$ cat target_28.cif   # mmCIF, C-alpha atoms
data_target
loop_
_atom_site.label_atom_id
_atom_site.label_comp_id
_atom_site.auth_asym_id
_atom_site.auth_seq_id
_atom_site.Cartn_x
_atom_site.Cartn_y
_atom_site.Cartn_z
CA MET A 1 2.02 -18.17 -30.38
CA SER A 2 1.51 -21.37 -32.37
CA SER A 3 -2.09 -22.35 -33.00
CA LEU A 4 -1.81 -25.95 -31.75
CA TYR A 5 -1.52 -27.12 -28.15
CA GLU A 6 1.29 -29.47 -27.10
CA ILE A 7 1.23 -31.15 -23.68
CA MET A 8 4.91 -30.41 -22.91
CA ALA A 9 5.11 -26.93 -24.42
CA GLY A 10 5.90 -23.88 -22.32
CA LEU A 11 6.91 -25.73 -19.15
CA PRO A 12 9.25 -23.67 -16.95
CA GLU A 13 12.87 -24.53 -16.31
CA GLY A 14 13.14 -27.06 -13.49
CA TYR A 15 9.75 -28.72 -13.98
CA VAL A 16 9.50 -32.10 -12.24
CA LEU A 17 9.26 -35.23 -14.41
CA ARG A 18 8.07 -38.51 -12.87
CA THR A 19 6.86 -41.91 -14.00
CA TYR A 20 3.69 -42.78 -12.12
CA ALA A 21 4.20 -45.12 -9.16
CA SER A 22 1.36 -44.39 -6.72
CA LEU A 23 -0.82 -41.56 -5.47
CA LYS A 24 1.11 -41.55 -2.20
CA VAL A 25 4.44 -40.99 -3.95
CA LEU A 26 2.88 -38.33 -6.16
CA GLU A 27 1.42 -36.58 -3.11
CA MET A 28 4.88 -36.39 -1.55
CA THR A 29 6.30 -34.92 -4.76
CA ALA A 30 3.49 -32.35 -4.98
CA LYS A 31 4.08 -31.29 -1.37
CA GLU A 32 7.79 -30.84 -2.11
CA VAL A 33 6.97 -28.59 -5.08
CA ARG A 34 4.48 -26.57 -3.02
CA ASP A 35 6.84 -26.20 -0.05
CA LYS A 36 9.69 -25.07 -2.29
CA LEU A 37 7.43 -22.44 -3.85
CA GLU A 38 6.44 -21.17 -0.41
CA HIS A 39 10.07 -21.09 0.75
CA ASN A 40 11.07 -19.08 -2.35
CA ASP A 41 8.28 -16.50 -1.93
CA GLN A 42 6.21 -18.23 -4.61
CA GLU A 43 8.83 -18.12 -7.34
CA GLY A 44 10.02 -21.07 -9.39
CA ASN A 45 8.48 -24.21 -10.83
CA GLN A 46 4.91 -25.27 -10.06
CA TYR A 47 4.55 -28.14 -12.57
CA ILE A 48 4.83 -31.92 -12.31
CA VAL A 49 4.70 -34.03 -15.48
CA ILE A 50 3.57 -37.61 -14.86
CA LEU A 51 4.29 -40.31 -17.44
CA GLY A 52 2.66 -43.72 -17.68
CA LEU A 53 -0.67 -42.89 -16.06
CA SER A 54 -3.18 -45.73 -16.10
CA LYS A 55 -6.80 -44.92 -16.84
CA GLN A 56 -7.69 -45.59 -13.19
CA ALA A 57 -4.92 -43.33 -11.87
CA ALA A 58 -5.94 -40.54 -14.26
CA GLU A 59 -9.57 -40.84 -13.15
CA ARG A 60 -8.54 -40.58 -9.50
CA LEU A 61 -6.31 -37.57 -10.11
CA GLY A 62 -9.05 -35.88 -12.08
CA GLY A 63 -11.77 -36.88 -9.65
CA ASP A 64 -13.63 -34.90 -7.04
CA PRO A 65 -12.42 -34.42 -4.36
CA PRO A 66 -8.73 -34.13 -5.36
CA ARG A 67 -6.54 -37.05 -4.24
CA LEU A 68 -3.25 -35.46 -3.12
CA GLY A 69 -3.95 -34.63 0.51
CA ASP A 70 -4.00 -30.90 1.20
CA VAL A 71 -2.20 -29.98 -2.04
CA VAL A 72 -4.31 -27.77 -4.31
CA TYR A 73 -3.67 -28.46 -7.99
CA ARG A 74 -5.08 -28.26 -11.50
CA PHE A 75 -4.92 -31.35 -13.69
CA THR A 76 -4.43 -31.74 -17.44
CA LEU A 77 -4.49 -35.15 -19.15
CA ASP A 78 -3.31 -36.09 -22.62
CA GLY A 79 -3.31 -39.85 -23.20
CA SER A 80 -1.14 -41.44 -20.51
CA THR A 81 0.65 -38.17 -19.70
CA GLY A 82 -0.63 -35.88 -16.98
CA VAL A 83 0.44 -32.40 -15.91
CA LEU A 84 -0.21 -31.09 -12.40
CA LYS A 85 -0.07 -27.36 -11.77
CA VAL A 86 0.51 -26.99 -8.03
CA VAL A 87 -1.26 -23.92 -6.62
CA PRO A 88 1.22 -22.40 -4.16
CA SER A 89 -0.96 -20.57 -1.64
CA TRP A 90 -4.10 -18.61 -0.93
CA PRO A 91 -3.03 -15.36 -2.70
CA HIS A 92 -3.18 -17.18 -6.04
CA GLU A 93 -6.58 -18.64 -5.27
CA ARG A 94 -7.75 -15.28 -3.98
CA VAL A 95 -6.77 -13.33 -7.11
CA THR A 96 -8.91 -15.66 -9.20
CA GLY A 97 -11.66 -15.64 -6.57
CA ASP A 98 -11.68 -11.84 -6.44
CA PHE A 99 -12.15 -11.70 -10.21
CA ASN A 100 -15.14 -14.00 -9.69
CA LEU A 101 -16.56 -11.62 -7.06
CA GLN A 102 -15.87 -8.49 -9.10
CA LEU A 103 -17.34 -9.84 -12.33
CA SER A 104 -20.41 -11.16 -10.53
CA ALA A 105 -20.94 -7.70 -9.01
CA LEU A 106 -20.55 -6.01 -12.39
CA PHE A 107 -23.02 -8.43 -13.97
CA THR A 108 -25.52 -7.58 -11.23
CA THR A 109 -24.96 -3.84 -11.73
CA ALA A 110 -25.53 -4.31 -15.46
CA GLY A 111 -28.87 -5.96 -14.74
CA VAL A 112 -27.90 -9.52 -15.68
CA PRO A 113 -30.16 -12.02 -13.83
CA LEU A 114 -28.26 -14.25 -11.40
CA GLY A 115 -29.50 -17.36 -13.19
CA ASP A 116 -28.01 -16.24 -16.50
CA PHE A 117 -24.45 -17.27 -15.65
CA GLY A 118 -22.53 -19.67 -13.45
CA TRP A 119 -18.96 -20.36 -12.34
CA ALA A 120 -17.39 -23.77 -12.90
CA ARG A 121 -14.00 -23.83 -11.17
CA SER A 122 -14.13 -27.55 -10.32
CA MET A 123 -15.44 -28.60 -13.74
CA ARG A 124 -13.05 -30.77 -15.75
CA TYR A 125 -13.63 -30.42 -19.47
CA PRO A 126 -13.04 -33.23 -21.96
CA GLY A 127 -10.84 -32.55 -24.95
CA THR A 128 -11.25 -33.67 -28.53
CA SER A 129 -10.78 -37.31 -27.49
CA SER A 130 -11.80 -39.34 -24.43
CA ASP A 131 -8.26 -39.46 -23.02
CA ARG A 132 -7.90 -35.67 -22.84
CA GLN A 133 -9.21 -33.41 -20.10
CA LYS A 134 -8.39 -30.14 -18.38
CA GLU A 135 -9.60 -27.93 -15.58
CA ALA A 136 -9.23 -24.17 -15.31
CA ASP A 137 -8.52 -21.98 -12.32
CA GLU A 138 -11.96 -20.50 -12.94
CA CYS A 139 -14.40 -20.29 -15.83
CA LEU A 140 -17.70 -18.62 -16.68
CA VAL A 141 -20.56 -20.53 -18.28
CA PRO A 142 -23.61 -18.60 -19.54
CA ALA A 143 -27.12 -19.99 -19.14
CA THR A 144 -27.31 -20.60 -22.89
CA ARG A 145 -24.73 -23.34 -22.35
CA MET A 146 -26.33 -24.85 -19.24
CA PRO A 147 -29.41 -26.69 -20.52
CA THR A 148 -31.53 -28.16 -17.73
CA GLY A 149 -30.59 -31.74 -16.90
CA GLN A 150 -27.59 -31.81 -19.22
CA THR A 151 -23.83 -31.50 -18.80
CA GLU A 152 -22.57 -27.93 -18.85
CA GLY A 153 -21.20 -26.78 -22.18
CA TRP A 154 -17.95 -24.99 -22.85
CA PRO A 155 -17.24 -21.83 -20.86
CA THR A 156 -17.00 -18.53 -22.70
CA LEU A 157 -14.38 -17.10 -20.32
CA VAL A 158 -11.50 -19.04 -18.74
CA PHE A 159 -8.89 -18.01 -16.16
CA GLU A 160 -5.40 -19.53 -16.11
CA THR A 161 -3.37 -18.25 -13.14
CA GLY A 162 0.20 -18.97 -12.06
CA VAL A 163 3.53 -17.66 -10.82
CA SER A 164 5.57 -15.39 -13.09
CA GLU A 165 7.86 -18.24 -14.21
CA SER A 166 4.80 -20.08 -15.55
CA LEU A 167 3.74 -17.42 -18.06
CA SER A 168 4.78 -19.36 -21.18
CA ARG A 169 2.94 -22.43 -19.91
CA LEU A 170 -0.19 -20.44 -19.09
CA ARG A 171 -0.22 -19.16 -22.66
CA ASN A 172 0.01 -22.74 -23.88
CA ASP A 173 -2.95 -23.59 -21.64
CA ALA A 174 -4.94 -20.85 -23.38
CA ARG A 175 -4.25 -22.66 -26.64
CA TRP A 176 -5.75 -25.88 -25.17
CA TRP A 177 -9.07 -24.16 -24.48
CA PHE A 178 -9.33 -22.63 -27.95
CA ASN A 179 -8.25 -25.83 -29.74
CA ASN A 180 -10.45 -28.29 -27.90
CA SER A 181 -13.56 -26.10 -27.81
CA LYS A 182 -13.16 -25.19 -31.52
CA GLY A 183 -13.37 -21.55 -30.48
CA ALA A 184 -16.43 -21.91 -28.22
CA VAL A 185 -14.17 -20.52 -25.48
CA ARG A 186 -14.07 -16.85 -26.45
CA ILE A 187 -11.55 -15.32 -24.01
CA VAL A 188 -8.80 -16.73 -21.80
CA LEU A 189 -7.43 -14.42 -19.11
CA VAL A 190 -3.83 -15.42 -18.38
CA ILE A 191 -2.84 -14.06 -14.95
CA SER A 192 0.82 -14.07 -13.91
CA ILE A 193 1.65 -13.22 -10.28
CA LYS A 194 5.04 -12.02 -9.05
CA ARG A 195 5.16 -11.71 -5.25
CA SER A 196 8.89 -11.24 -4.61
CA GLY A 197 10.91 -8.06 -5.18
CA ASN A 198 8.91 -5.64 -7.29
CA LYS A 199 5.50 -7.26 -6.93
CA GLU A 200 3.39 -7.32 -10.07
CA VAL A 201 0.27 -8.87 -11.55
CA THR A 202 0.16 -9.25 -15.33
CA ILE A 203 -3.16 -9.92 -17.07
CA GLU A 204 -3.17 -10.99 -20.70
CA LYS A 205 -6.49 -11.24 -22.54
CA TRP A 206 -6.17 -13.94 -25.18
CA GLN A 207 -8.67 -14.45 -27.99
CA LEU A 208 -8.72 -15.69 -31.59
CA LEU A 209 -8.20 -13.66 -34.72
CA PRO A 210 -11.39 -13.48 -36.81
CA PRO A 211 -11.66 -16.06 -39.62
CA GLY A 212 -11.41 -13.26 -42.20
CA ALA A 213 -8.06 -11.94 -40.97
CA PRO A 214 -5.53 -11.14 -43.74
CA GLN A 215 -3.55 -14.14 -44.96
CA PRO A 216 -0.89 -15.22 -44.34
CA VAL A 217 -1.11 -14.36 -40.65
CA THR A 218 2.20 -12.63 -39.97
CA ARG A 219 3.49 -10.84 -36.89
CA ALA A 220 2.51 -7.56 -38.56
CA VAL A 221 -1.08 -8.78 -39.01
CA ILE A 222 -1.32 -9.79 -35.34
CA ASP A 223 0.20 -6.48 -34.23
CA SER A 224 -2.37 -4.58 -36.29
CA PHE A 225 -5.12 -6.23 -34.21
CA ARG A 226 -3.23 -5.55 -30.97
CA TYR A 227 -3.27 -1.82 -31.74
CA ILE A 228 -7.08 -1.72 -31.84
CA HIS A 229 -8.50 -0.30 -28.59
CA PRO A 230 -10.74 -1.59 -27.24
CA ALA A 231 -9.91 -4.97 -28.75
CA PRO A 232 -12.28 -6.33 -31.42
CA MET A 233 -15.09 -8.67 -30.48
CA PRO A 234 -13.78 -12.25 -30.28
CA PRO A 235 -15.11 -14.43 -33.11
CA LEU A 236 -18.59 -15.78 -32.33
CA VAL A 237 -18.23 -18.75 -34.69
CA HIS A 238 -16.50 -22.10 -34.33
CA GLN A 239 -13.03 -22.49 -35.81
CA PRO A 240 -11.11 -25.77 -36.17
CA ALA A 241 -7.84 -25.84 -34.28
CA VAL A 242 -5.69 -25.87 -37.42
CA SER A 243 -7.12 -22.54 -38.61
CA GLN A 244 -6.97 -20.73 -35.24
CA HIS A 245 -4.64 -17.84 -34.48
CA PRO A 246 -4.67 -16.89 -30.78
CA TYR A 247 -3.22 -13.52 -29.79
CA ASP A 248 -2.96 -11.35 -26.70
CA ALA A 249 -5.49 -8.64 -27.49
CA GLN A 250 -4.73 -6.74 -24.28
CA VAL A 251 -1.97 -6.73 -21.65
CA ILE A 252 -2.45 -5.07 -18.25
CA LYS A 253 0.23 -4.67 -15.59
CA ILE A 254 -0.63 -3.89 -11.97
CA THR A 255 1.99 -2.80 -9.45
CA GLN A 256 1.85 -1.29 -5.99
CA ASN A 257 1.61 2.21 -7.47
CA SER A 258 0.25 1.91 -11.00
CA VAL A 259 -2.06 0.18 -13.45
CA THR A 260 -1.10 0.24 -17.14
CA GLY A 261 -2.98 -1.12 -20.13
CA GLY A 262 -6.46 -0.87 -18.61
CA PRO A 263 -9.37 -0.87 -18.50
CA LEU A 264 -10.07 -4.56 -19.08
CA VAL A 265 -12.98 -4.80 -21.51
CA LEU A 266 -14.98 -8.04 -21.80
CA PRO A 267 -17.64 -7.86 -24.54
CA PHE A 268 -21.06 -8.83 -23.22
CA ARG A 269 -22.08 -10.89 -26.22
CA ALA A 270 -18.85 -12.91 -26.11
CA LEU A 271 -19.39 -13.71 -22.42
CA MET A 272 -23.12 -14.33 -22.34
CA ASP A 273 -23.54 -15.88 -25.79
CA ARG A 274 -26.45 -13.54 -26.53
CA PRO A 275 -26.99 -9.86 -27.35
CA PRO A 276 -27.37 -7.44 -24.40
CA GLN A 277 -30.89 -6.46 -23.37
CA GLY A 278 -32.15 -3.39 -21.51
CA GLN A 279 -29.32 -1.86 -19.47
CA GLU A 280 -26.99 -4.83 -20.04
CA ARG A 281 -23.62 -3.77 -21.44
CA ASP A 282 -19.99 -4.78 -21.89
CA ILE A 283 -18.19 -5.60 -18.65
CA VAL A 284 -15.42 -3.08 -17.96
CA LEU A 285 -12.89 -3.35 -15.12
CA HIS A 286 -11.27 0.02 -14.45
CA ASP A 287 -8.20 0.61 -12.28
CA GLN A 288 -10.21 0.42 -9.06
CA GLU A 289 -11.71 -2.97 -9.92
CA LEU A 290 -8.36 -4.32 -11.15
CA ARG A 291 -6.70 -3.27 -7.90
CA PHE A 292 -9.46 -5.02 -5.95
CA CYS A 293 -8.78 -8.24 -7.86
CA SER A 294 -5.03 -8.07 -7.13
CA ARG A 295 -5.26 -6.86 -3.51
CA SER A 296 -3.91 -10.11 -2.03
CA VAL A 297 -0.59 -9.68 -3.86
CA PHE A 298 0.41 -6.27 -2.49
#

$ encode --input "target_28.cif" --output "C-alpha cells"
Amino acid sequence: MSSLYEIMAGLPEGYVLRTYASLKVLEMTAKEVRDKLEHNDQEGNQYIVILGLSKQAAERLGGDPPRLGDVVYRFTLDGSTGVLKVVPSWPHERVTGDFNLQLSALFTTAGVPLGDFGWARSMRYPGTSSDRQKEADECLVPATRMPTGQTEGWPTLVFETGVSESLSRLRNDARWWFNNSKGAVRIVLVISIKRSGNKEVTIEKWQLLPPGAPQPVTRAVIDSFRYIHPAPMPPLVHQPAVSQHPYDAQVIKITQNSVTGGPLVLPFRALMDRPPQGQERDIVLHDQELRFCSRSVF
C-alpha cells in the first residue's frame, strides 16, 4: 500500500464518472447506483466521481442533512472533485452500528466513563487544505480530543465499510485518514461485506509502522510486523504523510460457520489517547462479539 492518498485510486471497475450539472441530476444517478446494487444482491460498484464541483455545490453535498433525497452516502472532496460512496442498504449501516454498540458495551465493562468517548459518524473532517474533506462510516473520538466549546479533534479509530468490490478503495480511504491527520488517527478498520453466494465479512485493521521501522521499508519488513500477535501498539506520535507506511496489522474473516484471524485487539491507549486506569484495559472482540457485529449479513 502506497503511503500517499490519491482521490481516484482504488476505485472499482464500473465506477460512475459525471461532470456536475445539478443536485437533482446527481440524486437520480445516486439512486440508479443504489438500485443496481440492491438488484445485484449488493455486489458491484458503489462509487460516483463528480468533476467540476463548485464551492457551493460541494458545501451542499457535504452539508447536514444530506442533499440527495433518501440516498445514504459518504462524501469525499478534493479540490473540485468529489467522490460519493453510496451506502446500499441497512445491513451495511447495521454492521457499522453494531460495532458501535459492541465497543460501547466493552468500554462500559472495562470501567470507562461514558463521557470519556464519543461517536462522530456525521462529522466531516477537513483535510490538509480547505478544499479537502471526508466523512467516515463511523469514528471514535476520545474526550482528550473533545475540548469544551471547541471543534472535535481527529478520531483515534475510523471505520470504512463497503461491498466486497470496494476493498481496494476502502484501503485507499484508510490512507486519507492517516495522511491528513498526520497519524493522529491510530487505527482504521476496513470492513468488506459480501452478501451473495458464500457470504463473508472481512475486517482489516490498518495502522502505521512505527517511525523506527527498519529502512528501507520492504515487503519483508511489513510482513515481519504482520507476524506479531497481537499487533504492536500503533505509533502514538505524529508522522508526516511522506514518511508514513500503513499496513494491515490484522485480517479477520467471518463466515456463516467460522471466524478466522481473531480476536480483534484494539489497544486502550491508542483509542483513548491516555493510559488505562483502574480496571480499564485493551478492548478485545472475541468470536462471539465479532459474530454479533456481523449478524445482519448472515

$ resolve_selection --input "target_28.cif" --expression "the PyMOL selection byres ((chain A and resi 171) around 12)" --output "PDB file with C-alpha atoms, in the frame of the given file"
ATOM      1  CA  MET A   1       2.020 -18.170 -30.380  1.00  0.00           C
ATOM      2  CA  SER A   2       1.510 -21.370 -32.370  1.00  0.00           C
ATOM      3  CA  SER A   3      -2.090 -22.350 -33.000  1.00  0.00           C
ATOM      4  CA  LEU A   4      -1.810 -25.950 -31.750  1.00  0.00           C
ATOM      5  CA  TYR A   5      -1.520 -27.120 -28.150  1.00  0.00           C
ATOM      6  CA  GLU A   6       1.290 -29.470 -27.100  1.00  0.00           C
ATOM      7  CA  ALA A   9       5.110 -26.930 -24.420  1.00  0.00           C
ATOM      8  CA  GLY A  10       5.900 -23.880 -22.320  1.00  0.00           C
ATOM      9  CA  LEU A  11       6.910 -25.730 -19.150  1.00  0.00           C
ATOM     10  CA  PRO A  12       9.250 -23.670 -16.950  1.00  0.00           C
ATOM     11  CA  VAL A 158     -11.500 -19.040 -18.740  1.00  0.00           C
ATOM     12  CA  PHE A 159      -8.890 -18.010 -16.160  1.00  0.00           C
ATOM     13  CA  GLU A 160      -5.400 -19.530 -16.110  1.00  0.00           C
ATOM     14  CA  THR A 161      -3.370 -18.250 -13.140  1.00  0.00           C
ATOM     15  CA  GLY A 162       0.200 -18.970 -12.060  1.00  0.00           C
ATOM     16  CA  SER A 164       5.570 -15.390 -13.090  1.00  0.00           C
ATOM     17  CA  GLU A 165       7.860 -18.240 -14.210  1.00  0.00           C
ATOM     18  CA  SER A 166       4.800 -20.080 -15.550  1.00  0.00           C
ATOM     19  CA  LEU A 167       3.740 -17.420 -18.060  1.00  0.00           C
ATOM     20  CA  SER A 168       4.780 -19.360 -21.180  1.00  0.00           C
ATOM     21  CA  ARG A 169       2.940 -22.430 -19.910  1.00  0.00           C
ATOM     22  CA  LEU A 170      -0.190 -20.440 -19.090  1.00  0.00           C
ATOM     23  CA  ASN A 172       0.010 -22.740 -23.880  1.00  0.00           C
ATOM     24  CA  ASP A 173      -2.950 -23.590 -21.640  1.00  0.00           C
ATOM     25  CA  ALA A 174      -4.940 -20.850 -23.380  1.00  0.00           C
ATOM     26  CA  ARG A 175      -4.250 -22.660 -26.640  1.00  0.00           C
ATOM     27  CA  TRP A 176      -5.750 -25.880 -25.170  1.00  0.00           C
ATOM     28  CA  TRP A 177      -9.070 -24.160 -24.480  1.00  0.00           C
ATOM     29  CA  PHE A 178      -9.330 -22.630 -27.950  1.00  0.00           C
ATOM     30  CA  VAL A 188      -8.800 -16.730 -21.800  1.00  0.00           C
ATOM     31  CA  LEU A 189      -7.430 -14.420 -19.110  1.00  0.00           C
ATOM     32  CA  VAL A 190      -3.830 -15.420 -18.380  1.00  0.00           C
ATOM     33  CA  ILE A 191      -2.840 -14.060 -14.950  1.00  0.00           C
ATOM     34  CA  SER A 192       0.820 -14.070 -13.910  1.00  0.00           C
ATOM     35  CA  ILE A 203      -3.160  -9.920 -17.070  1.00  0.00           C
ATOM     36  CA  GLU A 204      -3.170 -10.990 -20.700  1.00  0.00           C
ATOM     37  CA  LYS A 205      -6.490 -11.240 -22.540  1.00  0.00           C
ATOM     38  CA  TRP A 206      -6.170 -13.940 -25.180  1.00  0.00           C
ATOM     39  CA  GLN A 207      -8.670 -14.450 -27.990  1.00  0.00           C
ATOM     40  CA  PRO A 246      -4.670 -16.890 -30.780  1.00  0.00           C
ATOM     41  CA  TYR A 247      -3.220 -13.520 -29.790  1.00  0.00           C
ATOM     42  CA  ASP A 248      -2.960 -11.350 -26.700  1.00  0.00           C
TER      43      ASP A 248
END

$ residues_around --input "target_28.cif" --residues "A:Lys24" --least-positions-apart "6" --cutoff "10 Å" --atoms "only C-alpha atoms" --output "PyMOL selection string"
chain A and resi 30+67-69

$ atom_distance --input "target_28.cif" --atom1 "atom CA of A:His238" --atom2 "atom CA of A:Thr156"
12.2 Å

$ resolve_selection --input "target_28.cif" --expression "the PyMOL selection byres ((chain A and resi 133-143) around 7)" --output "NGL selection string"
:A and (74-78 or 96 or 115-127 or 131-132 or 144-146 or 154-161 or 272-273)

$ resolve_selection --input "target_28.cif" --expression "the PyMOL selection byres ((chain A and resi 70) around 12)" --output "PyMOL selection string"
chain A and resi 27-28+30-31+34-35+65-69+71-73+86-89

$ write_last_selection --input "target_28.cif" --atoms "C-alpha atoms" --output "PDB file, keeping the file's coordinate frame"
ATOM      1  CA  GLU A  27       1.420 -36.580  -3.110  1.00  0.00           C
ATOM      2  CA  MET A  28       4.880 -36.390  -1.550  1.00  0.00           C
ATOM      3  CA  ALA A  30       3.490 -32.350  -4.980  1.00  0.00           C
ATOM      4  CA  LYS A  31       4.080 -31.290  -1.370  1.00  0.00           C
ATOM      5  CA  ARG A  34       4.480 -26.570  -3.020  1.00  0.00           C
ATOM      6  CA  ASP A  35       6.840 -26.200  -0.050  1.00  0.00           C
ATOM      7  CA  PRO A  65     -12.420 -34.420  -4.360  1.00  0.00           C
ATOM      8  CA  PRO A  66      -8.730 -34.130  -5.360  1.00  0.00           C
ATOM      9  CA  ARG A  67      -6.540 -37.050  -4.240  1.00  0.00           C
ATOM     10  CA  LEU A  68      -3.250 -35.460  -3.120  1.00  0.00           C
ATOM     11  CA  GLY A  69      -3.950 -34.630   0.510  1.00  0.00           C
ATOM     12  CA  VAL A  71      -2.200 -29.980  -2.040  1.00  0.00           C
ATOM     13  CA  VAL A  72      -4.310 -27.770  -4.310  1.00  0.00           C
ATOM     14  CA  TYR A  73      -3.670 -28.460  -7.990  1.00  0.00           C
ATOM     15  CA  VAL A  86       0.510 -26.990  -8.030  1.00  0.00           C
ATOM     16  CA  VAL A  87      -1.260 -23.920  -6.620  1.00  0.00           C
ATOM     17  CA  PRO A  88       1.220 -22.400  -4.160  1.00  0.00           C
ATOM     18  CA  SER A  89      -0.960 -20.570  -1.640  1.00  0.00           C
TER      19      SER A  89
END

$ residues_around --input "target_28.cif" --residues "A:Gly14" --least-positions-apart "3" --cutoff "10 Å" --atoms "only C-alpha atoms" --output "VMD selection string"
chain A and resid 11 17 44 to 48
